[in-house]
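Pasted below: final.cif, mmCIF, C-alpha atoms.
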data_input
#
loop_
_atom_site.label_atom_id
_atom_site.label_comp_id
_atom_site.auth_asym_id
_atom_site.auth_seq_id
_atom_site.Cartn_x
_atom_site.Cartn_y
_atom_site.Cartn_z
CA ARG A 1 12.93 3.73 -20.55
CA PHE A 2 10.77 2.84 -23.48
CA SER A 3 12.44 2.80 -26.87
CA GLN A 4 11.53 5.68 -29.14
CA VAL A 5 8.77 4.59 -31.48
CA ALA A 6 6.74 6.73 -33.85
CA LEU A 7 4.11 8.64 -31.92
CA THR A 8 0.48 8.04 -32.74
CA ASN A 9 -1.19 11.23 -33.94
CA GLY A 10 0.24 13.60 -31.37
CA VAL A 11 0.10 11.23 -28.38
CA GLN A 12 3.24 11.69 -26.33
CA ARG A 13 4.93 9.15 -24.08
CA THR A 14 5.37 10.03 -20.46
CA GLY A 15 7.58 8.58 -17.77
CA SER A 16 4.74 8.26 -15.27
CA ILE A 17 0.98 8.20 -14.95
CA LYS A 18 -1.24 9.12 -12.03
CA MET A 19 -4.28 6.89 -11.60
CA LEU A 20 -6.73 7.50 -8.76
CA GLY A 21 -4.08 9.40 -6.84
CA VAL A 22 -1.28 6.83 -7.23
CA THR A 23 1.67 7.60 -9.50
CA PHE A 24 3.16 4.69 -11.45
CA GLN A 25 6.37 5.07 -13.44
CA ASP A 26 7.39 3.43 -16.71
CA ASN A 27 10.11 1.44 -14.89
CA LEU A 28 7.50 -0.19 -12.58
CA SER A 29 8.53 2.01 -9.69
CA VAL A 30 6.39 4.01 -7.30
CA GLY A 31 9.24 6.27 -6.16
CA GLU A 32 7.49 9.43 -7.38
CA HIS A 33 4.35 8.42 -5.50
CA VAL A 34 6.32 7.80 -2.29
CA ASP A 35 8.14 11.15 -2.68
CA ALA A 36 4.90 13.07 -3.12
CA THR A 37 3.15 11.21 -0.31
CA LEU A 38 5.99 11.75 2.14
CA ALA A 39 6.07 15.46 1.28
CA LYS A 40 2.37 15.71 2.18
CA CYS A 41 2.97 13.69 5.36
CA PHE A 42 5.79 16.00 6.49
CA ASN A 43 3.46 18.96 5.96
CA GLY A 44 0.98 17.13 8.17
CA LEU A 45 3.58 16.87 10.95
CA TYR A 46 3.88 20.65 10.88
CA ALA A 47 0.10 20.93 11.25
CA LEU A 48 0.18 18.47 14.16
CA ASN A 49 2.85 20.59 15.85
CA ILE A 50 0.54 23.58 15.62
CA LEU A 51 -2.33 21.54 17.08
CA ARG A 52 -0.09 20.42 19.95
CA SER A 53 0.92 24.04 20.65
CA GLN A 54 -2.79 24.89 20.87
CA GLY A 55 -3.21 22.26 23.61
CA LEU A 56 -4.52 19.19 21.78
CA SER A 57 -4.03 16.04 23.89
CA THR A 58 -1.64 13.27 22.90
CA GLU A 59 -4.51 10.82 22.40
CA CYS A 60 -6.21 13.24 20.02
CA LEU A 61 -2.90 13.81 18.18
CA PHE A 62 -2.68 10.03 17.64
CA GLN A 63 -6.17 10.04 16.15
CA VAL A 64 -5.45 12.99 13.87
CA PHE A 65 -2.17 11.34 12.78
CA GLN A 66 -4.06 8.14 11.95
CA ALA A 67 -6.80 9.94 10.05
CA LYS A 68 -4.77 12.51 8.12
CA ILE A 69 -1.28 11.05 7.70
CA LEU A 70 -1.34 7.28 8.10
CA SER A 71 -4.30 7.12 5.73
CA LYS A 72 -2.13 8.76 3.03
CA LEU A 73 0.54 6.07 3.44
CA THR A 74 -1.95 3.22 3.24
CA TYR A 75 -4.24 4.65 0.54
CA ALA A 76 -4.64 2.06 -2.25
CA ALA A 77 -1.66 0.19 -0.80
CA PRO A 78 -2.67 -3.24 -2.15
CA ALA A 79 -2.34 -1.79 -5.66
CA TRP A 80 1.13 -0.24 -5.31
CA TRP A 81 3.14 -1.45 -2.34
CA GLY A 82 4.46 -4.49 -4.21
CA PHE A 83 6.31 -2.07 -6.49
CA ALA A 84 7.95 -0.14 -3.63
CA SER A 85 11.72 -0.49 -3.43
CA VAL A 86 13.63 -1.16 -0.23
CA ARG A 87 14.66 2.51 -0.33
CA ASP A 88 11.00 3.60 -0.49
CA ILE A 89 10.02 1.34 2.41
CA THR A 90 13.00 2.50 4.48
CA ARG A 91 12.08 6.15 3.90
CA ILE A 92 8.49 5.56 4.99
CA ASN A 93 9.61 3.67 8.09
CA CYS A 94 12.04 6.49 8.93
CA PHE A 95 9.12 8.91 8.70
CA LEU A 96 7.08 6.73 11.08
CA LYS A 97 10.01 6.58 13.52
CA LYS A 98 10.22 10.36 13.42
CA ALA A 99 6.48 10.60 14.12
CA LYS A 100 6.95 8.27 17.10
CA LYS A 101 9.83 10.39 18.36
CA MET A 102 7.67 13.50 18.06
CA LYS A 103 4.87 11.63 19.92
CA PHE A 104 2.36 11.83 17.08
CA TYR A 105 2.34 8.04 16.54
CA PRO A 106 2.19 5.51 19.40
CA LEU A 107 5.50 3.87 20.32
CA ASP A 108 3.90 0.47 19.74
CA GLY A 109 2.53 1.62 16.35
CA LEU A 110 3.15 -0.75 13.46
CA MET A 111 5.76 -0.20 10.79
CA ILE A 112 4.56 0.22 7.22
CA GLU A 113 5.09 -3.38 6.04
CA GLU A 114 2.74 -4.69 8.73
CA LEU A 115 0.18 -1.97 7.98
CA TRP A 116 0.29 -2.95 4.31
CA ARG A 117 -0.07 -6.65 5.16
CA GLN A 118 -3.12 -5.85 7.27
CA SER A 119 -4.51 -3.82 4.38
CA ASP A 120 -3.99 -6.76 2.00
CA ASP A 121 -5.59 -9.20 4.44
CA LYS A 122 -8.58 -6.90 4.91
CA LEU A 123 -9.06 -6.58 1.14
CA PHE A 124 -8.74 -10.35 0.59
CA LYS A 125 -11.21 -11.09 3.38
CA SER A 126 -13.72 -8.60 1.99
CA ILE A 127 -13.44 -10.24 -1.46
CA THR A 128 -13.75 -13.83 -0.23
CA THR A 129 -16.67 -13.19 2.14
CA ASN A 130 -18.81 -11.15 -0.26
CA ASP A 131 -19.92 -12.87 -3.45
CA LYS A 132 -21.18 -9.48 -4.73
CA HIS A 133 -17.67 -7.95 -4.53
CA VAL A 134 -16.45 -6.77 -7.94
CA LEU A 135 -13.28 -8.90 -7.63
CA TYR A 136 -15.03 -12.06 -6.38
CA LYS A 137 -15.44 -13.46 -9.91
CA PHE A 138 -11.64 -13.48 -10.34
CA LEU A 139 -11.06 -15.92 -7.47
CA PRO A 140 -9.93 -19.41 -8.54
CA GLU A 141 -12.05 -22.50 -7.93
CA VAL A 142 -12.39 -23.84 -4.42
CA LYS A 143 -10.15 -26.84 -3.88
CA ASN A 144 -12.09 -29.84 -2.65
CA THR A 145 -10.11 -32.64 -1.04
CA GLY A 146 -11.50 -35.64 0.73
CA HIS A 147 -8.91 -35.24 3.45
CA ASN A 148 -9.07 -33.58 6.84
CA LEU A 149 -6.14 -31.17 6.39
CA ARG A 150 -4.90 -28.34 8.57
CA LYS A 151 -6.69 -25.02 8.28
CA ARG A 152 -5.43 -22.85 5.40
CA VAL A 153 -5.75 -19.11 4.90
CA HIS A 154 -8.00 -19.78 1.90
CA PRO A 155 -9.59 -22.83 0.25
CA TYR A 156 -8.73 -21.91 -3.35
CA ASN A 157 -6.79 -23.86 -5.97
CA LEU A 158 -3.48 -22.13 -6.58
CA PRO A 159 -2.37 -21.82 -10.21
CA ASP A 160 0.73 -23.65 -11.40
CA LYS A 161 3.94 -21.71 -11.05
CA ASP A 162 4.81 -19.69 -14.14
CA ASP A 163 8.54 -19.19 -14.69
CA ARG A 164 8.09 -17.08 -17.82
CA ASN A 165 9.45 -13.59 -17.59
CA PHE A 166 6.96 -10.92 -18.65
CA PHE A 167 9.69 -8.64 -20.01
#
Encoded form using structure tokens:
Amino acid sequence: RFSQVALTNGVQRTGSIKMLGVTFQDNLSVGEHVDATLAKCFNGLYALNILRSQGLSTECLFQVFQAKILSKLTYAAPAWWGFASVRDITRINCFLKKAKKMKFYPLDGLMIEELWRQSDDKLFKSITTNDKHVLYKFLPEVKNTGHNLRKRVHPYNLPDKDDRNFF
């Protein structure tokens, strides 16, 4: 927790902040966000059960699961999943296993880490292929070598490693 410092004209410290639907905590954790998201996802499973009882096909249940539940787990993932603890990831994967068991998610459906990696790759590709993208200007310089090297994921100069601790 932050040390107690004099408050600035009535501004109070909080332990977490919600920005664009993602809750970040003062200890660099997203546990509150994962808790809230999983609660909404479990409510969605109840709704899917009702849809199944009304005769919705398995294929349609998969599509509803993808649209209404999986989208909650991957929303803004590139911004927050790096702060997720092993416990958070395990809880999300347990939820996905339960959804598979209940036949709302395909048995060959990806676990959350792979979904997040795909989300990161998609974001990076959209940045690197569109020079009008708002994040494009933050890319490092393209590395030019006179050698015929193996294909890399990206052609950019990587910054030197920084061993300084930001705390």
Which is closer to Phe124 in chain A than all the others in A:Pro159, A:Gly109, A:Pro78, A:Gly146, using only C-alpha atoms?
->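 Under the stated criterion, the closest residue is A:Pro78.
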Decode the PyMOL selection byres ((chain A and resi 33) around 12) for the given file into explicit residues and return them as a ChimeraX atom specification.
-> /A:16-25,28-32,34-40,72-77,80-81,83-85,88,92
Point-to-point distance in Å for CA of Lys151 in chain A and CA of Asp121 in chain A =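 A separation of 16.3 Å between them.
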For the file shown, what are the residues hit by the PyMOL selection byres ((chain A and resi 51-68) around 10), laid out as a list in words?
->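 This file, filtered by the PyMOL selection byres ((chain A and resi 51-68) around 10), leaves Lys40, Cys41, Gly44, Leu45, Tyr46, Ala47, Leu48, Asn49, Ile50, Ile69, Leu70, Ser71, Lys72, Leu73, Ala99, Lys100, Lys103, Phe104, Tyr105, Pro106 and Gly109 of chain A.
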Distance in Å - CA of Ile112 in chain A versus CA of Asn43 in chain A =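 Computed distance, CA of Ile112 in chain A to CA of Asn43 in chain A, equals 18.8 Å.
Put simply, CA of Tyr156 in chain A is 5.9 Å away from CA of Pro140 in chain A.
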Once the PyMOL selection byres ((chain A and resi 14) around 10) has been applied to the shown file, what residues remain in the selection, as number ranges by chain?
-> A: 1-2, 11-13, 15-17, 25-26
Grab all the atoms of range 97-106 of chain A that the file lists, wrap them in a box along x, y and z, add 3 Å per side, and give me centre plus edge lengths in Å (one decimal) as AutoDock Vina command-line options.
--center_x 6.2 --center_y 9.5 --center_z 16.7 --size_x 14.0 --size_y 14.0 --size_z 12.5
Using all atoms listed in the file, which residue out of A:Ile127, A:Asn27, A:Leu96, A:Asp160 lies closest to Leu110 in chain A?
-> A:Leu96
Pick from A:Ala79, A:Arg152, A:Glu113, A:Asp108 nearest to Asn93 in chain A, counting only C-alpha atoms |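 Nearest candidate to Asn93 in chain A out of A:Ala79, A:Arg152, A:Glu113, A:Asp108: A:Glu113.
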